[in-house]
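What follows is a set of notes on a single structure, which appears directly below.
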Amino acid sequence: SPGSTKSRLIFDGTVEISWFLPKRGVENKFANPIAFLNLRGDAFQHLKQLNFIQLVSNKIFLILWSDNMQDHEIEPMREMYARSGSKIVCLLPSLTQETKKIIQSCPNSKGDSQHVFVLGKGNWAADILSLSRLVNLHSQDPTEKVSSLSEHINQGNHGIEVDCNELYFKETEVEIDLYTRPLLLDSDKYDTKALRHIKDTHLRLQGKPWEDWTKHYAESYRLKRWQKGSLEEYRSQLRSQMNDCRDAQIGILDNINNMKFLYEILKLCRFSFVKPFYSELFWNKLQLSLDMICGKHLPSLYEEHNVISNLKNIRGHLQSNPSSPYAHLTRDQLKAEFYKSARNLSKSSLGMEHVIRELSQVYEAYSAASVEQKHSLDQKMPICLDKLPIFAANFLLQGYPLEILDGDVSHVPTVWLSKVLEHLRLIIGNKLIYIVSILGIQSSGKSTLLNTMFGLHFAVSAGRCTKGIFMQMIPVSPDQTSYFGYDYLVILDTEGLRAPEFDSDISRFHDNELATFAIGLSHLTIININGENPNDLEDILQITVNAFLRMNLTWIRPRCIFVHQNVTSVGCEEKLGPIRNALISKLNEMTEEAAKHEGMYYKYFADLIQFNPEDDVFYFPGLYLGTPPMAPINVQYSLESAKLKSIILKMFIQFPEMKSKKISAFAANIQQLWKAILHENFIFHFKNIQEVNAQRELDYVLTEWYYGYSQMVYEWQIETFANLSNTTDITTTIHDLEKSIQRLCAGTFQDEQSRIIHDFFEVSEKAQICGQWESRTKDYFEESRLGLQKEVIIKCRTEYNLISNQSKLSKKIGEIERSLVVKVKEFLKTINSSQNFDTSSINSTFEVFWRQCLKSLNVQQPEIKQCNIPADLYDYFNSSSWFTSAPSRFFDRLRNWNAYIKIGKNRYTFYRRHVKIQSDHGLQNDFYSSLSDALNACNNEFLDYSGKEVYWKIFDYLINISLERKRFISQLPRTAGYNKNYFGQLSRLISAKIDSINEEERYGRNIRIQFTDHFKRDQMFYHCCRAIPDLIHLQDSYIKVYSIQTQLSDLREKYFQTFDKFIKVSISEKACSEHLSDIVLDGMRRYLVSILNKLAVDMFLYDNQEIVRSKGTIQLAMLKGFIANNRGFSKYLNYIRNP
């Protein structure tokens, strides 16, 4: 056999066993299951082993290679025939007369062709075929009795010691059985249907409470469902929901007596501390019990799942097999059945990883409990729950996998992991570790490769075995640690990517998130590729690189190697070399493009993930020589695995720049990286960088369309209400305005939509990529049109009511003024007659008069909607193409919109990433940091001459951009109030200003300044925040102009002062006339203004531009109009002399 030697120093006398299991649906060599025993070495020198084989075997094949048998060989042979003559089949290279006589002399011997078989003659294939037929013939003999190895071993009549029969072993087994018997679930009680609920019954903490908690926790970072309102209130609501989930878990723990399985698990954890010698035996027996339960029913579930999977992919199978139970289903129904089957498969899987996951939730729920709840739980638990991380650390050191990322809910239990790694550090010290991870498509042999290289125990089989990320620790021999540079090798086994049981969008997000996390944690990542084509993982690597850029984790710089499995090494280098070079070229191109968009300067894939296409690519043959399950292992696969293992272990020696991590640093990296991934809510949704760029381009087009469209509607609104405000008699109805805006929106909308759909989804180079978003884009058009139309109609109604009320109020004011004159005269007459004059009587008389005036007005104040300007700014940031793809660190500021006003009051902070300066002499990195410090401190004392020149130039640019904002604010119409479209207009002005700066030619000393997209985005953000107080003031002024209460309050004060002035100065008619003239003049002034407005409109309508050329021409036109209307100049002279 492979690996054996002629000397047999180790295996001489060993009896080894192998099984043949026939495969259903194919032609098998043997019809029945067969166990083969092989005795290594000379059988006649190992009589004890030979006796055992005779005892348990149905047939014995005795190979005699020598024609000249010695006496010491003949006697044992006769004894063998005496005991098992009918079972023996003698295999000979040739049948001489002497050998034939020896066989015939043996008792119970049979010399027919079925018991004596001659080998050789150079045709080994024919011999093997003949032997196979012979074995198959004997295995189908109905008279043959099937043997039980366990029965023969336990009988003990073979003279071989059996360890399980030893006294010490029996005592140990009794003790283990005492502790584990309550845990062993009866497999007969679980059928396929009951197995789906086994976790819900026995492991309830990792069920719905844990799933809901992870959703709320991720939402607290990504805020996908947050609408307008207080961010702190929303986060407080999420925290409350998370606490409810923890309370539900604590409630389950509080009833621990009703959960026997979990209770016994906790007891077993305690026994592991009390009896550490038996700990591994405890958990091995539990694992075997769980494997027996799942192994009984999972194969049928896998088979059902595979059947549905094939039908989902090839619809024609249903037509060719009408008797199938799925024949009546549509494709969508079949897809739903497929996902249901996948969920059932996941629910029915139960192993040690789920037990440890349950313990992690027990600890996390206990950590979140209040003091009273902890005290109550401590009274009921069989173990102090604070010790669970210590148990998990020991469990990890014993060689069991520890779950890093929960694949069922896509979450990292950071509280649990940090505590486990802390106790691990306390147990073994803060050792140096070398972390290796593996990535690959589902069922591509990832776990098998790791198990082969490092002797691990990751679960392997066809289908989805690993879910999430698991770690195992391999200690390095103490005398080798200084040579290798680390104390432990940490292996991260990951879930298979591109899982068919997930929806494509969910799978894409999950895979990108998982790959980024695994690569970010590792020193080295093995990219496992099944076959020759690496395109399956190309997209994920692109997204991972972009994620590192966006999360500002470029300092990690892990290394990766490519492993092609099921590829013959002959000619593969020449064949796959061009494919690999094309892959690297594309990754370099995508890396440069992504870095440019993020405002960074990386040109090659290897700048972020180290990779050498010449040395870091390996080719592995298939694992099996033939078709499983009976195919033998390929020796070449093992040799390639050993070669790769040696390269991986010596990686730190080959690349000194790679530095091992301490356990504490690894724990901190888990926290930091997972937090960064939770903040990232953009890049993981895409398949590759091409999709990212296409989405950004589409967002830009839609944003430009929306704000251009909004600007058109806004201009219509300003013009319409300006005309209404200048009209004394409003004849237009609100219904007319609504119909007008609907026509405007519908006509322009349809034209613009058709143009964008045609240009972007039909003739664009990215039409194939963007096709998936066409229906969503059309929905966006319709929602934007209806939303903007509804918003403008509401604004129209408000403005119309305000203008109508203003018109009514103006008419009423004239009546008030006439009443005031009459009231003054009446009051003066009262004073003259009674000679009773004091201030209180004036006040009381005026109050009575004013109440009567207000009562006669009967004018109601229209409701003016209050504007939440910071919330509108947040909505703009969320919808604008400039901000939807912003890095996650930008959204940390963006989401705190309650602090926008405070941000706007602070000084702008200048960063290194904001500017790229080109110079013929080159610039060092310390120049950029010095420049940033100088700009933020508003001084340039520590810069050289060229640095001061750049400083003043950039400072001048910043001032010009600020002036652009001030100019924009000053030009806003004061009578129109606030409009949320102002943020889009301001951002576009700032963007255009920065673009014009970047287009400037070089100046002085051949230096050119280029501002980055980061600078543009931060400037938009900063100046929009700075504009908030001005926009609030603008809205307050608008409300004040149209506020009836404010106007009435001003009128009351004015009329009271007039009333009081007339009384106090003089009680004569002349004095009264002098004071009343102010009121009359004010009324005339308003009347002239209204005439002027109407006249101005008429002049523009009839193109009388000469009239409005200057103030004098306007006055002349007014005088002519007065004379013409009064038909004579004499009345005008009379008016001048006595107005």
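Letters for chains follow the order of the structure tokens (A, B, ...), residue numbers begin at 1 for each chain, and ligand numbers begin at 1 in the order shown.
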Env of Arg204 of chain A: 9 Å cut, atoms = only C-alpha atoms, seq-sep filter 6 positions within chain, self excluded. Answer as a PyMOL selection string. chain A and resi 249+252+358
Check segment 212-245 of chain A with DSSP on the backbone and list each residue it calls alpha helix (DSSP H), as a PyMOL selection string. chain A and resi 212-222+231-245
Skip Leu205 of chain A itself and residues of its chain fewer than 5 positions away, then list as JSON, numbers by chain all residues within 9 Å of it, counting only C-alpha atoms. {"A": [200, 210, 248, 249, 250, 252, 253, 358, 359, 361, 362, 365]}
Export, as a JSON list (two decimals), in the first residue's frame, the selected residues with N, CA, C and O atoms.
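The resulting file, again.json, is reproduced below:
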```json
[["chain", "number", "residue", "atom", "x", "y", "z"],
["A", 200, "ASP", "N", -34.54, 24.31, 18.77],
["A", 200, "ASP", "CA", -35.56, 25.10, 19.46],
["A", 200, "ASP", "C", -35.96, 24.48, 20.79],
["A", 200, "ASP", "O", -36.40, 25.18, 21.70],
["A", 210, "TRP", "N", -31.62, 35.60, 20.08],
["A", 210, "TRP", "CA", -30.26, 35.93, 19.60],
["A", 210, "TRP", "C", -30.31, 36.51, 18.19],
["A", 210, "TRP", "O", -29.63, 37.48, 17.88],
["A", 248, "ALA", "N", -35.35, 38.13, 27.38],
["A", 248, "ALA", "CA", -35.95, 36.87, 26.96],
["A", 248, "ALA", "C", -34.97, 35.71, 27.18],
["A", 248, "ALA", "O", -35.37, 34.63, 27.63],
["A", 249, "GLN", "N", -33.69, 35.94, 26.90],
["A", 249, "GLN", "CA", -32.69, 34.90, 27.14],
["A", 249, "GLN", "C", -32.54, 34.64, 28.64],
["A", 249, "GLN", "O", -32.43, 33.47, 29.07],
["A", 250, "ILE", "N", -32.54, 35.69, 29.42],
["A", 250, "ILE", "CA", -32.43, 35.52, 30.87],
["A", 250, "ILE", "C", -33.66, 34.79, 31.41],
["A", 250, "ILE", "O", -33.56, 33.96, 32.32],
["A", 252, "ILE", "N", -35.30, 32.51, 29.81],
["A", 252, "ILE", "CA", -35.08, 31.08, 29.51],
["A", 252, "ILE", "C", -34.14, 30.46, 30.54],
["A", 252, "ILE", "O", -34.37, 29.35, 31.03],
["A", 253, "LEU", "N", -33.07, 31.19, 30.88],
["A", 253, "LEU", "CA", -32.13, 30.68, 31.88],
["A", 253, "LEU", "C", -32.79, 30.58, 33.26],
["A", 253, "LEU", "O", -32.44, 29.70, 34.06],
["A", 358, "GLU", "N", -24.26, 27.96, 22.28],
["A", 358, "GLU", "CA", -25.26, 28.14, 23.34],
["A", 358, "GLU", "C", -24.59, 28.63, 24.63],
["A", 358, "GLU", "O", -25.11, 29.51, 25.32],
["A", 359, "LEU", "N", -23.42, 28.09, 24.92],
["A", 359, "LEU", "CA", -22.69, 28.54, 26.12],
["A", 359, "LEU", "C", -22.28, 30.01, 25.97],
["A", 359, "LEU", "O", -22.29, 30.77, 26.95],
["A", 361, "GLN", "N", -23.94, 32.29, 24.42],
["A", 361, "GLN", "CA", -25.13, 33.11, 24.67],
["A", 361, "GLN", "C", -25.54, 33.09, 26.14],
["A", 361, "GLN", "O", -26.07, 34.07, 26.65],
["A", 362, "VAL", "N", -25.28, 31.98, 26.80],
["A", 362, "VAL", "CA", -25.52, 31.94, 28.25],
["A", 362, "VAL", "C", -24.65, 32.98, 28.93],
["A", 362, "VAL", "O", -25.12, 33.76, 29.78],
["A", 365, "ALA", "N", -25.75, 36.68, 27.90],
["A", 365, "ALA", "CA", -26.99, 37.05, 28.59],
["A", 365, "ALA", "C", -26.71, 37.31, 30.06],
["A", 365, "ALA", "O", -27.24, 38.28, 30.65]]
```
Name the closest residue to Lys296 of chain A among the candidates A:Ser348, A:Asp875, A:Tyr604, A:Leu47; distances are taken between atoms, counting only C-alpha atoms.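 For Lys296 of chain A, the nearest of the given residues is A:Ser348.
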Just to confirm, what's the straight-line distance from atom CA of Ile383 of chain A to atom CA of Asn257 of chain A in Å (one decimal)? 13.7 Å
What is the atom CA of Gly13 of chain A to atom CA of Ser57 of chain A distance in Å?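 Pair atom CA of Gly13 of chain A / atom CA of Ser57 of chain A returns 17.2 Å.
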re atom CA of Phe655 of chain A and atom CA of Ile491 of chain A: distance 19.2 Å
Using only C-alpha atoms, can you tell me which of A:Gly445, A:Tyr263, A:Thr452, A:Glu691 comes closest to Val635 of chain A? A:Thr452
As a PyMOL selection string, which residues of segment 441-516 of chain A does DSSP assign to strand (DSSP E)? chain A and resi 468-475+488-494
Non-local contacts of Glu422 of chain A (10 Å; only C-alpha atoms; under 2 positions in same chain excluded) as a ChimeraX atom specification: /A:389-390,393,416-420,424-427,429-430,663-664,667
